[in-house]
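Asker: Dumping the structure here so I can ask a few things about it.
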There are 4 protein chains.
Amino acid sequence: MPGSGSKVRVGLIGAGRIGRLHAEHLSYRLPEAELLCVSDVFVEGAEKCAENFNIKDVYGDYREVLKRDDIDAVVICTSTNTHAEIIEASAEAGKHIFCEKPIALEIDRIDHALEAVSRAGVKLQIGFNRRFDPNFRKVRELVASGKIGKPQILKITSRDPEPPPLEYVKVSGGIFLDMMIHDFDMARYLVGDEVVEIYAAGNVLIDEKIKQYGDVDTALVLLRFKNGTIGSIDNSRKAVYGYDQRVEVFGSGGNASAENEQPDHVILTDTEGGHTAKPLYFFMDRYVQSYLNEMHEFLQVVKNDTAPPVTGTDGKIPVLMGLAAKKSLAENRPVKVEL
Amino acid sequence: MPGSGSKVRVGLIGAGRIGRLHAEHLSYRLPEAELLCVSDVFVEGAEKCAENFNIKDVYGDYREVLKRDDIDAVVICTSTNTHAEIIEASAEAGKHIFCEKPIALEIDRIDHALEAVSRAGVKLQIGFNRRFDPNFRKVRELVASGKIGKPQILKITSRDPEPPPLEYVKVSGGIFLDMMIHDFDMARYLVGDEVVEIYAAGNVLIDEKIKQYGDVDTALVLLRFKNGTIGSIDNSRKAVYGYDQRVEVFGSGGNASAENEQPDHVILTDTEGGHTAKPLYFFMDRYVQSYLNEMHEFLQVVKNDTAPPVTGTDGKIPVLMGLAAKKSLAENRPVKVEL
Amino acid sequence: MPGSGSKVRVGLIGAGRIGRLHAEHLSYRLPEAELLCVSDVFVEGAEKCAENFNIKDVYGDYREVLKRDDIDAVVICTSTNTHAEIIEASAEAGKHIFCEKPIALEIDRIDHALEAVSRAGVKLQIGFNRRFDPNFRKVRELVASGKIGKPQILKITSRDPEPPPLEYVKVSGGIFLDMMIHDFDMARYLVGDEVVEIYAAGNVLIDEKIKQYGDVDTALVLLRFKNGTIGSIDNSRKAVYGYDQRVEVFGSGGNASAENEQPDHVILTDTEGGHTAKPLYFFMDRYVQSYLNEMHEFLQVVKNDTAPPVTGTDGKIPVLMGLAAKKSLAENRPVKVEL
Amino acid sequence: MPGSGSKVRVGLIGAGRIGRLHAEHLSYRLPEAELLCVSDVFVEGAEKCAENFNIKDVYGDYREVLKRDDIDAVVICTSTNTHAEIIEASAEAGKHIFCEKPIALEIDRIDHALEAVSRAGVKLQIGFNRRFDPNFRKVRELVASGKIGKPQILKITSRDPEPPPLEYVKVSGGIFLDMMIHDFDMARYLVGDEVVEIYAAGNVLIDEKIKQYGDVDTALVLLRFKNGTIGSIDNSRKAVYGYDQRVEVFGSGGNASAENEQPDHVILTDTEGGHTAKPLYFFMDRYVQSYLNEMHEFLQVVKNDTAPPVTGTDGKIPVLMGLAAKKSLAENRPVKVEL
């Protein structure tokens, strides 16, 4: 465990798009970190990442990272189906773990990994980065501080600018587990309470091809919370105007809402009316600050031996919610979330 | 039938709050109307209304209005349980009819009234005034003209500033029939399609006393439309910041949303941040223009012998939707709307 | 003088565009008024106005109005060059006076009229209606209540959607006296202090034809107030997007600004960005509420024998400011306003 | 001169607040740069900077930087009174130059430096960073592309959150040369034309102490452009709500305006109204992106041998404008800008 003043020595596992984003932050924008090595089964990818972000050592096998004594923590950005295994191996190696969501798509696989973490006594933080977005965090703070009274209605709008490749949908678990999972986490985070029942509606309205995987591209889900709050989440795979990420919590004392972020605040007014910019295009634009913030907090957790802001259980529950939503859609009835 | 240039001669039936609003418009703000008489079972109310709005004749019994040969049309603003009967009598008397919503709370009672109207060949327009709000009308026009492509997701936020008296809830049919009924109409209007199935969630979060009438004060309803659009409506009986009336239609080509109306557009920026006005307080403030517009259109319908913009069927379907929502809440399952 | 409960009996002098607006308000929207007669040198105009707004008596000569014993107050909406004369005659006849701005374009003519009013002891209210706009009034209240601290910088944006006819410019006194005069009044009203010096810049950028009258169509004026506040007013005769009417007062404790009013609050977001409505087109749209409010307040002044909210002196000072601005533009130097 | 693919090797001169900002960008966020050394007369400052941003060599004398053969370009962030001298020495040493504004406060000193640059044939870019702010750049693009037609009125609001130390004001040249100089540059940039005459008003409204230096803390300046556009700039040393940086260009075809940037887009609506965040606090928050962009463009200029986006002349003219404004304030009359 590094002393409070020293740097956290990090190994990166997985050098894809999100891995490279974390690499940039760890190398250049988070002075409390020292990114020592990177691994990727596609070793050329790891090499390119190392070159771009000034990382000394490169491996093709993540086990090489875990072998090193000078590594305090790992950041896992591999494909979903390897998360649980790498979490377990990292825990056994005594490394603190930051892992991208989801831990796994099967609950017992998740439980197995969480037990390994628990046994090893290492930190585990799951990458639900949106909690660290300044907008959503402020809404949460307004709710938590009682500024809107007791929460009663939650609304989350979450629409992507374009559908993922069909290849991805085939293995991702579908819209509830690869996309709405973020919103399920956001729902728990904003309201500060658990969802007990879910009813899901969904349709294929964008591209028929997705039907072959039993998935939908447009979904609207109704949530009932233990504390009585009722909520909805709507998802679309394709908002032509860009990434639409808004939330609203209504309560007995007021309403807190977060609007989209835009690249500028210029208004052109002409004979047709007023014209403004589109929202930031996608998550690499909108959530760059939240990715930076979550990694900063993870480094603080490791340095100061504090509790992670997004725990393993926080990683598991949205999967349970996604599975409940999937079942609800299939059976067209409300489904309980069994925590 | 009055000639195209002449005035429509109107009799007002019911001189309560909404009746007086229409009286003011008919007397002072709609030159194409001539408001000749007013009736109310509470005859002092009718007299006061007549005095305020310059109406010549006053009756205690609406039948006196119907007897007059010089009346082209009636405007029915009595309590809900008398609507159907007065519609029938007015139709038999050959009068064109503007009637406040709902026609009745029972479907066969509605059907009976609509048959009478059909037999008599008179015009019937139902008072779903929100369709005439400049904001919602513009959203509808954007949808209808294809500006947002094919509709996919609908969201309606509809919250009152304060709960009605318990006395009212006792006879109103409950939140789905007295409050969300407006939003059911709005849903059909905005999407331009019928709802085939409804799932409703609801809770008592504001005042426990409402439980004795089996009603809820907070509700979130999920709608499935024939054309595949999915929608939600949320209702609260009490938004402490005032009347919250917003809609949003998302489609394959964009998103159209209507924000609240405010009494001014002043921004105070101080050491705490920016501060703006609350929304207009309630329907008499927010919808004054829509009430004026709907009556203007009704007068045009009578003058020009055209089809009413809100028909008897438009009056019936939201009641069917409200009943489906009520059933869904009671049985916690999606319920089909049988048109 | 009418008792506090009775109606104020009004005679309208001048049945042009603005006269008809006041006629509608006095007849239909202000129950505390009784509009008994209307006069216009163009008697057909007065007749049409009488017919539209239910006014009993019509005259070609305003002196007929003044002769009537049953008239408490007159509303003067004739052309500017007759204002002073009619004010004087009305004052001599003991009538309270509401007069459209400006009283006259020559200071001694104004003084003469104000003396007549003072001698007669009647009320005189000048039609600087914008003070009664809910936006500007709220900004004034924020300033007056100290919410922005001590005022330091004032900014007024005031642009018309289209230039007036050249015929009008010929006799109007030019942009500083027919258009910016409203903004001069607004400047005094918002800051609550007098302007001591003015520097004006102006150009012909829209239509060269205006040059023959020595006028400009685009102007920017810098104001120095007695209390140290510095301000600017910009005017354009042609904003292609409609009526642009915004103000901002910055002070030691914050900033209060008023944005434009729009016909709706709908946002269309598509592949090009966000799109909103244009501002309300012109003063008959934007200021309808302020015209109603000012007349309501005038009626209260008459009924309750209180001081007018816009006095004769308030009518005179903006003319002094306009003359100073004109001189400043001609001589390209700052010019003192001699109060 | 570095090849198009290679990195630009940079020496930083001056390691104060703004120097450290550029150091961070050059070291971590601009891969096309290689920051090899830093100098500061306060050598401990240079050492700390080197440590924080991973810079190899440190000097107390900037001449050591210029001696190095492996340096392509220097970034000058020293105090204003040394700029001209260092520009000259750098030019003689054949280094490309990025220099913070202003070049100097005396015109002949500026001319002398610019001649040295011209003689040496090196690039010189002046640090008017706001041109690279995404908002102002977009407004400029809307103007340049003709989207608002021919410009007619310009308005710039520029207010700091707190006054600088009195020590600074003593040597800075005063509000027109240390603060409004940015807005003078912005005025030229946005309109795309030169200012020919300036009239300035100013007052001490915040802190009397500034009077001893003959300066003001609140100023409003009126600009006349060659092309007929009229403009205003208002400055305050203290906006209690934070950094207020807005611009507006009005033209024959429309209006383009840029609003402030805020740290989030959350709206709390409660019984008092709507509440939003304050603007970003000061230039290190608001203009971080613009500082990054300007340096990126400078590196491109060096790499690709293109013309700098902000030239030496662009550095000189705002000083001429500031001197004209100062004279105008002193003599209370419009003053020509002699280019």
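Every chain in the structure tokens has a letter given in the order shown (A, B, ...), and although residue numbers restart at 1 in each chain, ligands are simply numbered from 1 in the order shown.
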What are the DSSP alpha helix (DSSP H) residues of region 253-328 of chain C, as a PyMOL selection string?
Answerer: chain C and resi 283-286+288-304+312-328
Asker: Write out as a ChimeraX atom specification each polymer residue whose atoms come within 6 Å of Ile71 (chain A), counting only C-alpha atoms; drop sequence neighbours fewer than 3 positions from it.
Answerer: /A:9-10,68
Asker: Create the file for the chosen residues now, containing N, CA and C atoms and written as an mmCIF file, in the first residue's frame.
Answerer:
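Ended up saving to selection-v4.cif:
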```cif
data_model
loop_
_atom_site.group_PDB
_atom_site.id
_atom_site.type_symbol
_atom_site.label_atom_id
_atom_site.label_comp_id
_atom_site.auth_asym_id
_atom_site.auth_seq_id
_atom_site.Cartn_x
_atom_site.Cartn_y
_atom_site.Cartn_z
ATOM 1 N N ARG A 9 1.038 3.204 -8.091
ATOM 2 C CA ARG A 9 1.646 2.590 -9.277
ATOM 3 C C ARG A 9 0.632 1.667 -9.938
ATOM 4 N N VAL A 10 0.331 1.944 -11.173
ATOM 5 C CA VAL A 10 -0.796 1.304 -11.841
ATOM 6 C C VAL A 10 -0.338 0.480 -13.032
ATOM 7 N N ARG A 68 4.174 -8.392 -11.099
ATOM 8 C CA ARG A 68 5.090 -7.334 -10.667
ATOM 9 C C ARG A 68 4.799 -6.884 -9.235
#
```
Asker: Looking only at the backbone, which of the residues in region 215-277 of chain D does DSSP tag as strand (DSSP E), as a PyMOL selection string?
Answerer: chain D and resi 218-225+230-236+244-251+254-258+266-270+273-276
Asker: Please identify all polymer residues within 6 Å of region 168-176 of chain B, counting only C-alpha atoms, omitting same-chain residues fewer than 5 positions from it, and present them as a JSON list (two decimals) with N, CA, C and O atoms, in the first residue's frame.
Answerer:
```json
[["chain", "number", "residue", "atom", "x", "y", "z"],
["B", 181, "ILE", "N", -56.44, 12.23, -17.47],
["B", 181, "ILE", "CA", -57.29, 12.17, -18.66],
["B", 181, "ILE", "C", -56.84, 13.22, -19.69],
["B", 181, "ILE", "O", -56.84, 12.98, -20.90],
["B", 215, "ASP", "N", -57.52, 6.08, -4.09],
["B", 215, "ASP", "CA", -56.80, 6.83, -5.12],
["B", 215, "ASP", "C", -55.32, 6.96, -4.76],
["B", 215, "ASP", "O", -54.91, 6.65, -3.64],
["B", 322, "GLY", "N", -58.26, 5.94, -19.09],
["B", 322, "GLY", "CA", -58.24, 6.13, -17.64],
["B", 322, "GLY", "C", -58.72, 4.89, -16.92],
["B", 322, "GLY", "O", -58.15, 4.48, -15.90]]
```
Asker: Compile the contact shell of region 224-231 of chain A as a ChimeraX atom specification: residues with an atom at most 6 Å away, counting only C-alpha atoms, same-chain residues fewer than 5 positions apart removed.
Answerer: /A:152-155,194-197
Asker: May I have the residues from that selection written out with N, CA and C atoms, as a PDB file, in the first residue's frame?
Answerer:
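The resulting file, out-v8.pdb, is reproduced below:
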```pdb
ATOM      1  N   GLN A 152     -39.928  11.551  -5.227  1.00  0.00           N
ATOM      2  CA  GLN A 152     -41.208  10.914  -5.574  1.00  0.00           C
ATOM      3  C   GLN A 152     -41.223  10.370  -7.007  1.00  0.00           C
ATOM      4  N   ILE A 153     -40.629  11.142  -7.922  1.00  0.00           N
ATOM      5  CA  ILE A 153     -40.614  10.708  -9.329  1.00  0.00           C
ATOM      6  C   ILE A 153     -39.199  10.883  -9.882  1.00  0.00           C
ATOM      7  N   LEU A 154     -38.719   9.869 -10.585  1.00  0.00           N
ATOM      8  CA  LEU A 154     -37.406   9.921 -11.233  1.00  0.00           C
ATOM      9  C   LEU A 154     -37.602   9.763 -12.735  1.00  0.00           C
ATOM     10  N   LYS A 155     -36.878  10.561 -13.509  1.00  0.00           N
ATOM     11  CA  LYS A 155     -36.925  10.353 -14.959  1.00  0.00           C
ATOM     12  C   LYS A 155     -35.526  10.433 -15.548  1.00  0.00           C
ATOM     13  N   GLU A 194     -33.168   1.376  -3.345  1.00  0.00           N
ATOM     14  CA  GLU A 194     -33.168   0.244  -4.266  1.00  0.00           C
ATOM     15  C   GLU A 194     -34.486   0.112  -5.023  1.00  0.00           C
ATOM     16  N   VAL A 195     -34.388  -0.407  -6.236  1.00  0.00           N
ATOM     17  CA  VAL A 195     -35.563  -0.693  -7.061  1.00  0.00           C
ATOM     18  C   VAL A 195     -36.061  -2.090  -6.709  1.00  0.00           C
ATOM     19  N   VAL A 196     -37.363  -2.201  -6.476  1.00  0.00           N
ATOM     20  CA  VAL A 196     -37.906  -3.516  -6.101  1.00  0.00           C
ATOM     21  C   VAL A 196     -38.643  -4.193  -7.240  1.00  0.00           C
ATOM     22  N   GLU A 197     -39.107  -3.420  -8.208  1.00  0.00           N
ATOM     23  CA  GLU A 197     -39.862  -4.038  -9.304  1.00  0.00           C
ATOM     24  C   GLU A 197     -39.686  -3.220 -10.573  1.00  0.00           C
TER      25      GLU A 197
END
```
Asker: Just how far from CA of Asp314 (chain B) is CA of Lys95 (chain B), in Å to one decimal?
Answerer: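 These two atoms are separated by 19.7 Å.
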Asker: Quick one: everything within 8 Å of Arg131 (chain C), counting only C-alpha atoms, minus sequence neighbours fewer than 2 positions away in the same chain. Send it as a list in words.
Answerer: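 These residues fall inside the cut-off: Phe128, Asn129, Asp133, Phe136, Arg137, Met186, Tyr189 and Ser290 of chain C.
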Asker: Select all residues from chain D having any atom no more than 12 Å from an atom of chain B (counting only C-alpha atoms, ignoring ligands), output as a PyMOL selection string.
Answerer: chain D and resi 161+238-244+260+262-281
Asker: Find, counting only C-alpha atoms, the residue in D:Val249, D:Val301, D:Val221, D:Val335 that gets nearest to Ile97 (chain D).
Answerer: D:Val301
Asker: Could you give me, as a PDB file with C-alpha atoms, in the first residue's frame, the residues within 7 Å of Thr218 (chain B), counting only C-alpha atoms and dropping anything in the same chain fewer than 6 positions from it?
Answerer:
```
ATOM      1  CA  GLY B 202     -48.947   4.834  -8.497  1.00  0.00           C
ATOM      2  CA  ASN B 203     -48.393   5.732  -4.886  1.00  0.00           C
ATOM      3  CA  VAL B 204     -49.695   7.873  -2.087  1.00  0.00           C
ATOM      4  CA  LEU B 205     -46.736  10.128  -1.300  1.00  0.00           C
ATOM      5  CA  ASN B 235     -48.555  12.945 -12.629  1.00  0.00           C
ATOM      6  CA  SER B 236     -48.170  14.506  -9.223  1.00  0.00           C
ATOM      7  CA  ARG B 237     -50.936  16.226  -7.319  1.00  0.00           C
TER       8      ARG B 237
END
```
Asker: Near Tyr62 (chain D), within 9 Å and counting only C-alpha atoms, which residues show up once chain neighbours fewer than 2 positions away are dropped, as a PyMOL selection string?
Answerer: chain D and resi 12-14+38-41+59-60+64-67+86
Asker: Can you write just those residues out, C-alpha atoms, as a short mmCIF file (atom, residue, chain, number, x, y, z; two decimals), in the first residue's frame?
Answerer:
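Output contents, as saved in result_38.cif:
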```
data_model
loop_
_atom_site.label_atom_id
_atom_site.label_comp_id
_atom_site.auth_asym_id
_atom_site.auth_seq_id
_atom_site.Cartn_x
_atom_site.Cartn_y
_atom_site.Cartn_z
CA LEU D 12 9.42 28.02 -21.84
CA ILE D 13 10.45 31.46 -20.58
CA GLY D 14 8.63 32.47 -17.42
CA VAL D 38 12.12 26.26 -18.65
CA SER D 39 13.68 29.47 -17.36
CA ASP D 40 12.64 31.99 -14.75
CA VAL D 41 14.55 34.73 -12.94
CA TYR D 59 17.66 28.02 -16.14
CA GLY D 60 17.59 31.31 -14.28
CA GLU D 64 20.40 29.99 -21.81
CA VAL D 65 17.24 28.83 -23.54
CA LEU D 66 18.04 30.83 -26.63
CA LYS D 67 21.58 29.42 -26.82
CA ILE D 86 12.91 38.74 -25.04
#
```
